[in-house]
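A.B. asks: Have a look at this one.
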Amino acid sequence: MLTKRIIPCLDIKDGRTVKGVTFGNLQDAGDPVELAARYSGYGADELCLLDITATLEGRSTFLQVVEDVAAAVSIPFTVGGGISNEKQVETLLSKGADKVSVNTSALLDPGLITKLSNAFGNQCVVVAIDARYLEGTWQVVSHAGTKPTGILATEWAKEACDRGAGEILLTSFTADGTRKGFSLDITGEVARSITIPVIASGGAGKPSHFLDVFTRANADAALAAGIFHYGIISIEEVKYFLKKKGVAIR
């Protein structure tokens with residue numbers, strides 16, 4: 001049985017970690033390298049670093065963060081934000097990243113998923129999907145959750161899987177930052193529909209939320225940010241709770 005993974009996420013803007021609610025109201029959450037090293041030491045299974053502005057001006061700053069994080073941690077980490085071609089992936093991997101996450105660029109050019117999978121292996125390619133509950137369906141949204149695409153989240157996950165994605169990072173815009181629990185309905189629907197791992201994101205607030213997303217929605221990993229950054233709960237607490245409940249965890 002594959003063990004479930006706990007993944008802290010670092011949203012990075014101008015070289016600092018930030019956190020908001022439903023993708024807005026960003027607050028400073030600390031130095032990303034210090035946080036990454038702390039999480040690595042506290043038992044995180046992986047990390048996720050997202051360059052949330054991905055501007056040309058900020059790219060060099062972000063690349064330095066990636067390099068510094070690689071030197072500071074002993075666990076795999078995924079990097080995302082503004083990635084749209086093989087050259088960028090090559091650069092990020094050379095700086096120490098283990099995987100890359102693509103989102104808007106894959107929506108604009110689904111063939112990118114296959115290109116990256118063929119070039120670097122599907123284990124390296126994570127397709128991030130931001131889903132929002134709109135008019136009775138879970139739809140893929142872009143532009144920080146403000147632009148509905150009309151694409152159903154589950155259908156896009158299936159296509160990404162077929163095109164060569166190695167994992168799906170499914171973020172519920174609706175639950176993001178609320179600390180009221182993961183969106184179990186769409187997470188479970190996606191997990192049942194594809195053959196690759198699903199990372200659940202958005203809404204974690206207490207250890208039982210992780211239990212729910214693993215046992216009721218069959219997620220393979222769970223990602224969280226603010227609750228870890230601000231010390232609301234620790235990775236050790238989550239893992240201890242899950243082990244007591246019989247969940248296979250590292």
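Quick note on naming: the chains in the structure tokens go A, B, ... in the order shown, residues restart at 1 in each chain, and ligands are numbered from 1 in order of appearance.
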May I have the residues within 7 Å of Ala191 of chain A as a list of chain:residue names, using only C-alpha atoms and disregarding those fewer than 4 positions away in the same chain?
C.D. replies: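 Those residues are A:Thr187, A:Val198, A:Asn218, A:Ala219.
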A.B. asks: Using C-alpha atoms, can you write the selected residues to a file as a PDB file, in the first residue's frame?
C.D. replies:
```pdb
ATOM      1  CA  THR A 187     -11.502  15.434  -4.748  1.00  0.00           C
ATOM      2  CA  VAL A 198      -4.248  13.192  -6.650  1.00  0.00           C
ATOM      3  CA  ASN A 218      -9.091   8.705  -1.568  1.00  0.00           C
ATOM      4  CA  ALA A 219      -6.520  11.456  -2.071  1.00  0.00           C
TER       5      ALA A 219
END
```
A.B. asks: Do you know which residues are at most 10 Å from segment 80-89 of chain A counting only C-alpha atoms, after dropping those on the same chain fewer than 3 positions away, and could you put them as an NGL selection string?
C.D. replies: :A and (11-12 or 48-56 or 59 or 62 or 92-95 or 97 or 99-106 or 108-109 or 112-113 or 115-117 or 119-120 or 124-128)
A.B. asks: Could the residues in this selection be saved with N, CA and C atoms as a short mmCIF file (atom, residue, chain, number, x, y, z; two decimals), in the first residue's frame?
C.D. replies:
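Wrote it out as result-v6.cif, contents follow:
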```
data_model
loop_
_atom_site.label_atom_id
_atom_site.label_comp_id
_atom_site.auth_asym_id
_atom_site.auth_seq_id
_atom_site.Cartn_x
_atom_site.Cartn_y
_atom_site.Cartn_z
N ASP A 11 3.71 29.51 -1.16
CA ASP A 11 3.39 30.48 -2.22
C ASP A 11 4.38 31.62 -2.09
N ILE A 12 5.12 31.89 -3.16
CA ILE A 12 6.23 32.83 -3.06
C ILE A 12 6.01 34.04 -3.97
N CYS A 48 6.02 21.97 -1.93
CA CYS A 48 5.58 22.58 -3.18
C CYS A 48 5.89 24.07 -3.12
N LEU A 49 6.62 24.57 -4.10
CA LEU A 49 6.96 26.00 -4.19
C LEU A 49 6.26 26.59 -5.40
N LEU A 50 5.44 27.61 -5.18
CA LEU A 50 4.72 28.22 -6.28
C LEU A 50 5.08 29.71 -6.39
N ASP A 51 5.58 30.07 -7.56
CA ASP A 51 5.87 31.47 -7.85
C ASP A 51 4.55 32.10 -8.30
N ILE A 52 3.87 32.79 -7.38
CA ILE A 52 2.49 33.19 -7.67
C ILE A 52 2.39 34.42 -8.56
N THR A 53 3.50 35.12 -8.77
CA THR A 53 3.45 36.24 -9.72
C THR A 53 4.16 35.87 -11.01
N ALA A 54 5.24 35.13 -10.91
CA ALA A 54 5.96 34.62 -12.08
C ALA A 54 6.23 35.70 -13.11
N THR A 55 6.54 36.90 -12.64
CA THR A 55 6.87 37.97 -13.57
C THR A 55 8.31 37.83 -14.02
N LEU A 56 8.63 38.47 -15.12
CA LEU A 56 10.01 38.43 -15.61
C LEU A 56 10.96 39.01 -14.57
N ARG A 59 11.49 36.41 -11.71
CA ARG A 59 11.95 35.06 -12.03
C ARG A 59 13.34 34.77 -11.46
N PHE A 62 13.14 34.14 -7.84
CA PHE A 62 12.54 32.84 -7.55
C PHE A 62 13.53 31.71 -7.82
N LEU A 92 14.80 24.80 -14.03
CA LEU A 92 14.34 24.54 -12.67
C LEU A 92 14.90 23.23 -12.13
N LEU A 93 14.95 22.21 -12.97
CA LEU A 93 15.53 20.94 -12.54
C LEU A 93 17.02 21.09 -12.26
N SER A 94 17.68 21.90 -13.05
CA SER A 94 19.12 22.13 -12.82
C SER A 94 19.38 22.86 -11.51
N LYS A 95 18.38 23.62 -11.04
CA LYS A 95 18.50 24.33 -9.77
C LYS A 95 18.14 23.45 -8.58
N ALA A 97 15.02 21.39 -8.39
CA ALA A 97 13.63 20.93 -8.30
C ALA A 97 13.53 19.48 -8.75
N LYS A 99 10.20 18.09 -9.43
CA LYS A 99 9.04 18.05 -10.32
C LYS A 99 8.66 19.48 -10.66
N VAL A 100 7.86 19.63 -11.72
CA VAL A 100 7.31 20.94 -12.06
C VAL A 100 5.80 20.84 -12.13
N SER A 101 5.15 21.95 -11.84
CA SER A 101 3.70 22.03 -11.90
C SER A 101 3.29 23.04 -12.97
N VAL A 102 2.38 22.61 -13.84
CA VAL A 102 1.86 23.51 -14.88
C VAL A 102 0.37 23.67 -14.68
N ASN A 103 -0.12 24.86 -14.99
CA ASN A 103 -1.53 25.16 -14.77
C ASN A 103 -2.11 25.86 -15.99
N THR A 104 -2.05 27.20 -16.01
CA THR A 104 -2.63 27.97 -17.11
C THR A 104 -2.02 27.60 -18.45
N SER A 105 -0.71 27.39 -18.48
CA SER A 105 -0.04 27.08 -19.75
C SER A 105 -0.56 25.78 -20.34
N ALA A 106 -0.91 24.82 -19.49
CA ALA A 106 -1.45 23.56 -19.97
C ALA A 106 -2.88 23.73 -20.47
N LEU A 108 -3.97 26.44 -21.91
CA LEU A 108 -3.84 27.12 -23.20
C LEU A 108 -3.29 26.19 -24.27
N ASP A 109 -2.42 25.27 -23.87
CA ASP A 109 -1.81 24.34 -24.81
C ASP A 109 -1.70 22.97 -24.16
N LEU A 112 1.34 20.69 -24.21
CA LEU A 112 2.52 20.93 -23.36
C LEU A 112 2.73 19.78 -22.38
N ILE A 113 1.64 19.23 -21.87
CA ILE A 113 1.75 18.13 -20.90
C ILE A 113 2.51 16.96 -21.52
N LYS A 115 4.51 17.06 -24.17
CA LYS A 115 5.90 17.47 -24.46
C LYS A 115 6.78 17.31 -23.23
N LEU A 116 6.30 17.81 -22.10
CA LEU A 116 7.10 17.75 -20.88
C LEU A 116 7.25 16.31 -20.39
N SER A 117 6.18 15.54 -20.51
CA SER A 117 6.23 14.15 -20.08
C SER A 117 7.23 13.36 -20.91
N ALA A 119 9.78 14.60 -22.54
CA ALA A 119 11.13 15.13 -22.37
C ALA A 119 11.75 14.76 -21.02
N PHE A 120 10.92 14.76 -19.96
CA PHE A 120 11.47 14.62 -18.61
C PHE A 120 10.91 13.43 -17.82
N CYS A 124 7.78 13.61 -13.42
CA CYS A 124 8.24 14.99 -13.21
C CYS A 124 7.13 16.01 -13.43
N VAL A 125 6.00 15.59 -14.02
CA VAL A 125 4.99 16.53 -14.49
C VAL A 125 3.73 16.48 -13.61
N VAL A 126 3.49 17.57 -12.90
CA VAL A 126 2.29 17.73 -12.09
C VAL A 126 1.39 18.74 -12.78
N VAL A 127 0.15 18.38 -13.02
CA VAL A 127 -0.80 19.33 -13.58
C VAL A 127 -1.67 19.87 -12.45
N ALA A 128 -1.58 21.19 -12.25
CA ALA A 128 -2.36 21.84 -11.20
C ALA A 128 -3.71 22.28 -11.76
#
```
A.B. asks: Report as a PyMOL selection string all protein, DNA and RNA residues lying within 12 Å of Leu223 of chain A, evaluated on only C-alpha atoms, omitting residues in the same chain fewer than 4 positions from it.
C.D. replies: chain A and resi 4-11+44-49+78+168-172+176-177+181-182+198-205+209-210+213-214+219+227-228+235+238
A.B. asks: Can you list, as a list of chain:residue names, every protein, DNA or RNA residue that comes within 9 Å of Ala153 of chain A when you count only C-alpha atoms, leaving out same-chain residues fewer than 6 positions away?
C.D. replies: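 Surrounding residues, per the criterion: A:Ile129, A:Asp130, A:Ala131, A:Arg132, A:Thr137, A:Trp138, A:Gln139, A:Val140, A:Val141, A:Leu170, A:Ile186, A:Val190.
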A.B. asks: Would you give me, as a CSV table (one decimal) with C-alpha atoms, in the first residue's frame, the residues in segment 20-249 of chain A that DSSP reads as alpha helix (DSSP H)?
C.D. replies:
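And here is the file that came out, out_2.csv:
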```
chain,number,residue,atom,x,y,z
A,32,PRO,CA,10.8,30.4,2.2
A,33,VAL,CA,14.2,28.8,2.7
A,34,GLU,CA,13.8,28.8,6.5
A,35,LEU,CA,10.3,27.4,6.3
A,36,ALA,CA,11.3,24.7,3.8
A,37,ALA,CA,14.2,23.6,6.0
A,38,ARG,CA,11.9,23.6,9.0
A,39,TYR,CA,9.3,21.4,7.3
A,40,SER,CA,12.0,19.1,6.0
A,41,GLY,CA,13.2,18.5,9.5
A,56,LEU,CA,10.0,38.4,-15.6
A,57,GLU,CA,11.4,40.7,-12.9
A,58,GLY,CA,10.7,38.1,-10.2
A,59,ARG,CA,11.9,35.1,-12.0
A,60,SER,CA,15.6,35.5,-11.1
A,61,THR,CA,14.7,36.0,-7.5
A,62,PHE,CA,12.5,32.8,-7.6
A,63,LEU,CA,15.3,30.8,-9.2
A,64,GLN,CA,17.6,31.7,-6.4
A,65,VAL,CA,15.0,30.6,-3.9
A,66,VAL,CA,14.7,27.3,-5.6
A,67,GLU,CA,18.4,26.8,-5.5
A,68,ASP,CA,18.6,27.8,-1.8
A,69,VAL,CA,15.7,25.4,-0.9
A,70,ALA,CA,17.4,22.6,-2.8
A,71,ALA,CA,20.5,23.1,-0.6
A,72,ALA,CA,18.5,23.3,2.6
A,86,GLU,CA,10.9,22.7,-21.8
A,87,LYS,CA,13.7,25.2,-21.3
A,88,GLN,CA,12.2,26.6,-18.1
A,89,VAL,CA,11.7,23.1,-16.8
A,90,GLU,CA,15.3,22.2,-17.6
A,91,THR,CA,16.5,25.3,-15.7
A,92,LEU,CA,14.3,24.5,-12.7
A,93,LEU,CA,15.5,20.9,-12.5
A,94,SER,CA,19.1,22.1,-12.8
A,104,THR,CA,-2.6,28.0,-17.1
A,105,SER,CA,0.0,27.1,-19.7
A,106,ALA,CA,-1.5,23.6,-20.0
A,107,LEU,CA,-5.0,24.9,-20.3
A,108,LEU,CA,-3.8,27.1,-23.2
A,111,GLY,CA,0.0,19.4,-25.8
A,112,LEU,CA,2.5,20.9,-23.4
A,113,ILE,CA,1.7,18.1,-20.9
A,114,THR,CA,2.8,15.5,-23.4
A,115,LYS,CA,5.9,17.5,-24.5
A,116,LEU,CA,7.1,17.8,-20.9
A,117,SER,CA,6.2,14.1,-20.1
A,118,ASN,CA,8.2,12.9,-23.1
A,119,ALA,CA,11.1,15.1,-22.4
A,120,PHE,CA,11.5,14.6,-18.6
A,153,ALA,CA,-12.6,19.8,-13.4
A,154,THR,CA,-12.9,16.0,-13.6
A,155,GLU,CA,-12.9,16.0,-17.4
A,156,TRP,CA,-9.7,18.2,-17.5
A,157,ALA,CA,-8.1,15.8,-14.9
A,158,LYS,CA,-8.9,12.9,-17.2
A,159,GLU,CA,-7.4,14.6,-20.2
A,160,ALA,CA,-4.3,15.6,-18.3
A,161,CYS,CA,-3.8,12.0,-17.2
A,162,ASP,CA,-4.3,10.8,-20.8
A,163,ARG,CA,-1.7,13.3,-22.0
A,184,LEU,CA,-14.3,16.0,-0.5
A,185,ASP,CA,-16.8,15.8,-3.3
A,186,ILE,CA,-14.7,17.0,-6.2
A,187,THR,CA,-11.5,15.4,-4.7
A,188,GLY,CA,-13.2,12.0,-4.5
A,189,GLU,CA,-14.7,12.4,-8.0
A,190,VAL,CA,-11.3,13.2,-9.6
A,191,ALA,CA,-9.5,10.5,-7.6
A,192,ARG,CA,-12.0,7.8,-8.8
A,193,SER,CA,-11.8,9.0,-12.4
A,207,PRO,CA,-5.9,16.9,11.6
A,208,SER,CA,-9.4,15.3,11.0
A,209,HIS,CA,-9.6,17.2,7.7
A,210,PHE,CA,-6.5,15.2,6.5
A,211,LEU,CA,-8.2,11.9,7.7
A,212,ASP,CA,-11.3,12.8,5.8
A,213,VAL,CA,-9.6,13.6,2.5
A,214,PHE,CA,-7.5,10.4,2.7
A,215,THR,CA,-10.3,8.0,3.8
A,226,GLY,CA,-1.3,28.6,6.4
A,227,ILE,CA,-2.0,26.2,9.1
A,228,PHE,CA,1.7,25.1,9.0
A,229,HIS,CA,3.1,28.6,8.4
A,235,ILE,CA,3.1,18.2,10.6
A,236,GLU,CA,4.0,16.0,13.5
A,237,GLU,CA,0.5,16.5,15.0
A,238,VAL,CA,-1.1,15.6,11.7
A,239,LYS,CA,1.0,12.4,11.2
A,240,TYR,CA,0.5,11.3,14.8
A,241,PHE,CA,-3.3,11.7,14.5
A,242,LEU,CA,-3.3,9.8,11.2
A,243,LYS,CA,-1.2,6.9,12.5
A,244,LYS,CA,-3.6,6.5,15.5
```
A.B. asks: Nearest to Val247 of chain A among A:Leu2, A:Ile232, A:Leu134, A:Ala29, with distances taken over only C-alpha atoms: which residue is it?
C.D. replies: A:Leu2
A.B. asks: Please report, as number ranges by chain, each residue of segment 31-102 of chain A to which DSSP assigns strand (DSSP E or B) when run on this structure's backbone.
C.D. replies: A: 47-51, 77-80, 99-102
A.B. asks: Counting only C-alpha atoms, which of A:Gly231, A:Pro76, A:Gly150, A:Gly246 gets nearest to Gly30 of chain A?
C.D. replies: A:Gly231
